[in-house]
Each structure stands twice: as structure tokens, then as C-alpha cells.
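Participant: Pasting a structure here, questions to come.
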Amino acid sequence: KGAREEMSANLKYLSLGILVFQTTSLVLTMRYSRTLKEEGPRYLSSTAVVIAELLKILACVLLVYKDSKCNLRTLNRVLHDEILNKPMETLKLAIPSGIYTLQNNLLYVALSNLDAATYQVTYQLKILTTALFSVSMLSKKLGVYQWLSLVILMTGVAFVQWPSDSQATPAKEHSAGSQFVGLIAVLIACFSSGFAGVYFEKILKETKQSVWIRNIQLGFFGSIFGLMGVYIYDGEQLSKNGFFQGYNKLTWVVVILQALGGLVIAAVIKYADNILKGFATSLSIILSTLISYFWLQDFVPTSVFFLGAILVIAATFLYGYDPKPAGNPIKA
């Protein structure tokens, strides 16, 4: 039994470490890839979203294959039974996957207009939107600590978005206008993330399907919506320079990290709890800020930013904090 517990603890911290790595590196590589000065056309973020979805499906199919004892016939049957033979169940996922696709596209918009650190902190508002949707859709009850943490969170994000004097210098390439675009993109992404996340949780709780099957269904709709997006927004570019225009090694890194994201989060939900997720987020914010400052050099932290970031990190922890009743029996 001891070995099993140790194993699950190791899985916990491993999934946590991977989450920190994935969140931080995705934000920074995405930001870097959108601001890099390069010859030729820049890659289309809409196509990157589609490729990430397809990679996610591929990874999930492999995971289901592993779960079916690496037997192709079993895999085929599982996919057939769970996805094709339950069209209504599968269709339910069209809603969250459409929203996730919108959100993934918005994140590219946000990171084209905001530095990584500001983006990371502001994006934590999704804790607030998720909480509000949980209360309204899953009729969850939030404790005092959780409401308190949401107030602290909003205050922290407000501080981070506070315009500083240094931004008035004309040397800055992005105007207040583009920062506003970035902010709006993050805010819409937070709302869509909150709603889609809670909706997805509701579906997961109502049925007995594995999280990987669910992710295949999500990915399936995600790629369809994504492709529609590619043709609506970037149709002209596409016909001129092709689907993979402007792709380089860095673009592929961003795409793979984005595909990993959904799977890592699924694993973290499986093996770790909210407090650890909050911990990962906080570490990720700190790392992004440091790298944004020292390496990408597109960000100069002000004291107000630090105060805001500390508040957001504190709120993240407080939200996952679960005061244990005194004298609780030790679990056997």
C-alpha cells in the first residue's frame, strides 16, 4: 500500500511539474512566436489551433489504445461504441468545443498584444468566471474563503492592468489601443473558459465515459470549428501561401505545447487537486514574469504589478484552501 501511495504522490508532483512547464513555456513561446521579426508571412494562429486539436485527438486515441490493452479491435470497438453509436452524447460536446476553439484563437490575439506576464496574471480571472458558472450551473456552494479569494483575485488583476507611467514613453511599440485589444481578448477568453470548463465538468459528471474519449470528441468538433475559422478569417492568406505558411520549429513547439495543455490538465485533474493546480499557476506566473523581463525583455515590472501578482497568487491558493475541521478522523 505504501508503494502505491508513493506512486500516486509522485504522479501528483510529476503532473504538477509538467503543468508548470507547459503553462509557462506555452505562454512564452506563443508570445515570442507572435512578436518575432521574421522574413515572409507569419504563421496563421487559426491553423495552429487546428493542428493542436488534431494532435490532441491523435494523443487521446493512443491513450485509449493503451487502455484497450493495445488491441486494435478493442480500440475500434470502443471508439465506435462511445462516439459513433452515441451521437447525442457526442453532440453535447459541440458547445464546449466551439467555445474552446474561440478561446484558443483569442489567446493568440491576447499574446500578440500583451506581454507574457500581464497576460498570465490577467488570465487568472478565469478562476472567478469558473466559480460563478459553477455556482449558477452546478449549484455549487462556495465557502467564505472562496468568496474572499475571488475578491482578492479581482483586486490583484485590476492592479496588474493599472496603467503605469512608463507606458507613456513613445519607445513602446504597442500603443494603449493594442493593449486594450489584448485585455478584451483575455476577458472574453476568461468567460468562455469558465463556461466551457463548467459545462464540460457537468457532462463528465453525468456520464461514465473516459476523459480521453471526451477529449477525442472535443477535438473532433474543435478541429471542425477551427477549420471553419481558418477559412472565414484567413481564407485569403491561405489561398495565397498555403496552410503551413510561416511555420518553423518554434511554431511547432507552440502547437505541441498547446495540444499537450488539454491532456496535462486532464491528468492533473485526475491525479492532483485544486490546491496543487493553484500552486502550479502561481509558479508559472512567477516564471513567466522573470523570463518576460530577462529574456524576452518586453516587460518592466512596476511595484503595482508586483502587488497585483502577489494578490493573484494569494487568491489562487486561498481558493483551493479547504479548512479541515478540527479532530478529523485519520483516513484508514
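To be explicit about the labels: the chains of the C-alpha cells are called A, B, and onward in the order shown, and within each one the residues are counted from 1, while ligands get numbers from 1 in the order they are shown.
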Give me the residues near stretch 249-259 of chain A as a list in words, where near means some atom within 6 Å (using only C-alpha atoms) and where sequence neighbours in that chain fewer than 3 positions away do not count.

Facilitator: Leu26, Met30, Ala48, Ala52 and Lys56 of chain A

Participant: If we count only C-alpha atoms and set the cut-off at 8 Å, which residues sit around stretch 88-101 of chain A, ignoring sequence neighbours fewer than 2 positions away in its own chain? Please answer as an MDAnalysis selection string.

Facilitator: chainID A and resid 49 83:84 86 103:105 192:193 195:197 199:200 203 214 217:219 221:222 225:226

Participant: Which one of A:His80, A:Lys69, A:Arg31, A:Lys205 sits closest to A:Ser45 if you count only C-alpha atoms?

Facilitator: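 Comparing A:His80, A:Lys69, A:Arg31, A:Lys205 against A:Ser45, the winner is A:Arg31.
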
Participant: Could you go through stretch 61-139 of chain A and tell me which residues DSSP, when run on the backbone, assigns to helix (DSSP H, G or I), listing them as a count of residues only?

Facilitator: 67

Participant: What's around A:Tyr247 at 10 Å? Count only C-alpha atoms, leave out sequence neighbours fewer than 6 positions away in its own chain, and write the answer as a PyMOL selection string.

Facilitator: chain A and resi 33+41-44+47-48

Participant: Would you mind exporting the chosen residues as a short mmCIF file (atom, residue, chain, number, x, y, z; two decimals), in the first residue's frame, restricted to N, CA, C and O atoms?

Facilitator:
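Generated output (part08.cif):
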```cif
data_model
loop_
_atom_site.label_atom_id
_atom_site.label_comp_id
_atom_site.auth_asym_id
_atom_site.auth_seq_id
_atom_site.Cartn_x
_atom_site.Cartn_y
_atom_site.Cartn_z
N SER A 33 6.74 33.79 -30.49
CA SER A 33 6.47 33.45 -31.89
C SER A 33 5.57 34.49 -32.57
O SER A 33 5.59 34.63 -33.78
N PRO A 41 5.71 35.58 -44.56
CA PRO A 41 4.46 35.69 -43.79
C PRO A 41 4.60 35.04 -42.42
O PRO A 41 5.35 34.08 -42.26
N ARG A 42 3.91 35.61 -41.45
CA ARG A 42 3.87 34.98 -40.11
C ARG A 42 2.87 33.83 -40.16
O ARG A 42 1.93 33.86 -40.94
N TYR A 43 3.10 32.84 -39.31
CA TYR A 43 2.17 31.71 -39.33
C TYR A 43 0.77 32.15 -38.90
O TYR A 43 0.62 33.11 -38.13
N LEU A 44 -0.24 31.48 -39.40
CA LEU A 44 -1.62 31.82 -39.06
C LEU A 44 -1.99 31.13 -37.76
O LEU A 44 -1.95 29.91 -37.68
N THR A 47 -4.59 28.34 -38.01
CA THR A 47 -4.18 26.99 -38.45
C THR A 47 -3.48 26.27 -37.30
O THR A 47 -3.63 25.06 -37.13
N ALA A 48 -2.74 27.02 -36.49
CA ALA A 48 -2.05 26.41 -35.36
C ALA A 48 -3.05 25.79 -34.39
O ALA A 48 -2.82 24.71 -33.83
#
```

Participant: Separation of atom CA of A:Ala116 and atom CA of A:Thr29, in Å?

Facilitator: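 That distance, rounded to one decimal, is 9.4 Å.
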
Participant: Determine the nearest neighbour of A:Leu227 from the options A:Leu311, A:Ala59, A:Val109, A:Leu102, counting only C-alpha atoms.

Facilitator: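 Using only C-alpha atoms, A:Leu227 sits closest to A:Leu102.
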
Participant: Any idea what's packed within 8 Å of A:Ile313, counting only C-alpha atoms, ignoring anything in its chain fewer than 4 positions away? Could you give it as a list in words?

Facilitator: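 In the requested format, the answer is Gly278, Thr281, Ser282, Ala309 and Phe317 of chain A.
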
Participant: Keeping only N, CA, C and O atoms, write the selected residues as a PDB file, in the first residue's frame.

Facilitator:
```pdb
ATOM      1  N   GLY A 278      -3.438  25.370  -8.251  1.00  0.00           N
ATOM      2  CA  GLY A 278      -3.195  26.778  -7.924  1.00  0.00           C
ATOM      3  C   GLY A 278      -1.710  27.038  -7.759  1.00  0.00           C
ATOM      4  O   GLY A 278      -1.173  28.061  -8.202  1.00  0.00           O
ATOM      5  N   THR A 281      -0.084  27.224 -11.077  1.00  0.00           N
ATOM      6  CA  THR A 281      -0.381  28.505 -11.712  1.00  0.00           C
ATOM      7  C   THR A 281       0.529  29.596 -11.180  1.00  0.00           C
ATOM      8  O   THR A 281       1.083  30.392 -11.930  1.00  0.00           O
ATOM      9  N   SER A 282       0.675  29.619  -9.843  1.00  0.00           N
ATOM     10  CA  SER A 282       1.477  30.673  -9.218  1.00  0.00           C
ATOM     11  C   SER A 282       2.923  30.591  -9.670  1.00  0.00           C
ATOM     12  O   SER A 282       3.532  31.595 -10.036  1.00  0.00           O
ATOM     13  N   ALA A 309       0.310  40.881  -8.710  1.00  0.00           N
ATOM     14  CA  ALA A 309       0.677  39.475  -8.937  1.00  0.00           C
ATOM     15  C   ALA A 309       0.646  38.706  -7.625  1.00  0.00           C
ATOM     16  O   ALA A 309       0.167  37.569  -7.567  1.00  0.00           O
ATOM     17  N   PHE A 317      -4.257  30.431  -4.163  1.00  0.00           N
ATOM     18  CA  PHE A 317      -4.078  29.474  -3.065  1.00  0.00           C
ATOM     19  C   PHE A 317      -5.303  29.428  -2.184  1.00  0.00           C
ATOM     20  O   PHE A 317      -5.780  28.368  -1.808  1.00  0.00           O
TER      21      PHE A 317
END
```

Participant: Given the choices A:Ile184, A:Val198, A:Ala189, A:Leu204, which gets closest to A:Ser136 if the distance is worked out from only C-alpha atoms?

Facilitator: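 Nearest to A:Ser136: A:Val198.
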
Participant: Write out as a PDB file with C-alpha atoms, in the first residue's frame each polymer residue whose atoms come within 12 Å of stretch 137-142 of chain A, counting only C-alpha atoms; drop sequence neighbours fewer than 3 positions from it.

Facilitator:
```
ATOM      1  CA  LEU A 128     -13.661  33.919 -10.969  1.00  0.00           C
ATOM      2  CA  THR A 129     -15.716  33.108 -14.073  1.00  0.00           C
ATOM      3  CA  THR A 130     -15.421  29.364 -13.392  1.00  0.00           C
ATOM      4  CA  ALA A 131     -16.597  29.905  -9.814  1.00  0.00           C
ATOM      5  CA  LEU A 132     -19.576  31.977 -10.920  1.00  0.00           C
ATOM      6  CA  PHE A 133     -20.613  29.442 -13.559  1.00  0.00           C
ATOM      7  CA  SER A 134     -20.160  26.610 -11.042  1.00  0.00           C
ATOM      8  CA  TYR A 145     -12.589  31.628   1.874  1.00  0.00           C
ATOM      9  CA  GLN A 146     -13.521  31.126  -1.745  1.00  0.00           C
ATOM     10  CA  TRP A 147     -15.613  34.296  -1.986  1.00  0.00           C
ATOM     11  CA  LEU A 148     -12.856  36.185  -0.229  1.00  0.00           C
ATOM     12  CA  SER A 149     -10.275  34.798  -2.626  1.00  0.00           C
ATOM     13  CA  LEU A 150     -12.376  35.923  -5.611  1.00  0.00           C
ATOM     14  CA  GLY A 194     -15.213  29.429 -17.249  1.00  0.00           C
ATOM     15  CA  PHE A 195     -18.384  28.470 -19.067  1.00  0.00           C
ATOM     16  CA  ALA A 196     -16.856  25.717 -21.197  1.00  0.00           C
ATOM     17  CA  GLY A 197     -14.985  24.263 -18.218  1.00  0.00           C
ATOM     18  CA  VAL A 198     -18.093  24.038 -16.045  1.00  0.00           C
ATOM     19  CA  TYR A 199     -20.202  22.704 -18.922  1.00  0.00           C
ATOM     20  CA  PHE A 200     -17.558  20.049 -19.606  1.00  0.00           C
ATOM     21  CA  GLU A 201     -17.433  19.132 -15.903  1.00  0.00           C
ATOM     22  CA  LYS A 202     -21.226  18.796 -15.910  1.00  0.00           C
ATOM     23  CA  ILE A 203     -21.082  16.413 -18.892  1.00  0.00           C
ATOM     24  CA  LYS A 205     -20.259  14.010 -14.121  1.00  0.00           C
ATOM     25  CA  GLU A 206     -23.424  12.931 -15.917  1.00  0.00           C
ATOM     26  CA  TYR A 319      -9.475  29.498  -3.442  1.00  0.00           C
ATOM     27  CA  GLY A 320      -8.175  25.940  -3.209  1.00  0.00           C
ATOM     28  CA  TYR A 321      -7.752  26.128   0.567  1.00  0.00           C
ATOM     29  CA  ASP A 322     -10.008  23.770   2.434  1.00  0.00           C
TER      30      ASP A 322
END
```

Participant: My list of candidates is A:Leu72, A:Ala9, A:Ala117, A:Leu238. Which is closest to A:Gln297 when distances are computed with only C-alpha atoms?

Facilitator: A:Ala117

Participant: In Å to one decimal, how far is atom CA of A:Ser303 from atom CA of A:Val151?

Facilitator: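 These two atoms are separated by 20.2 Å.
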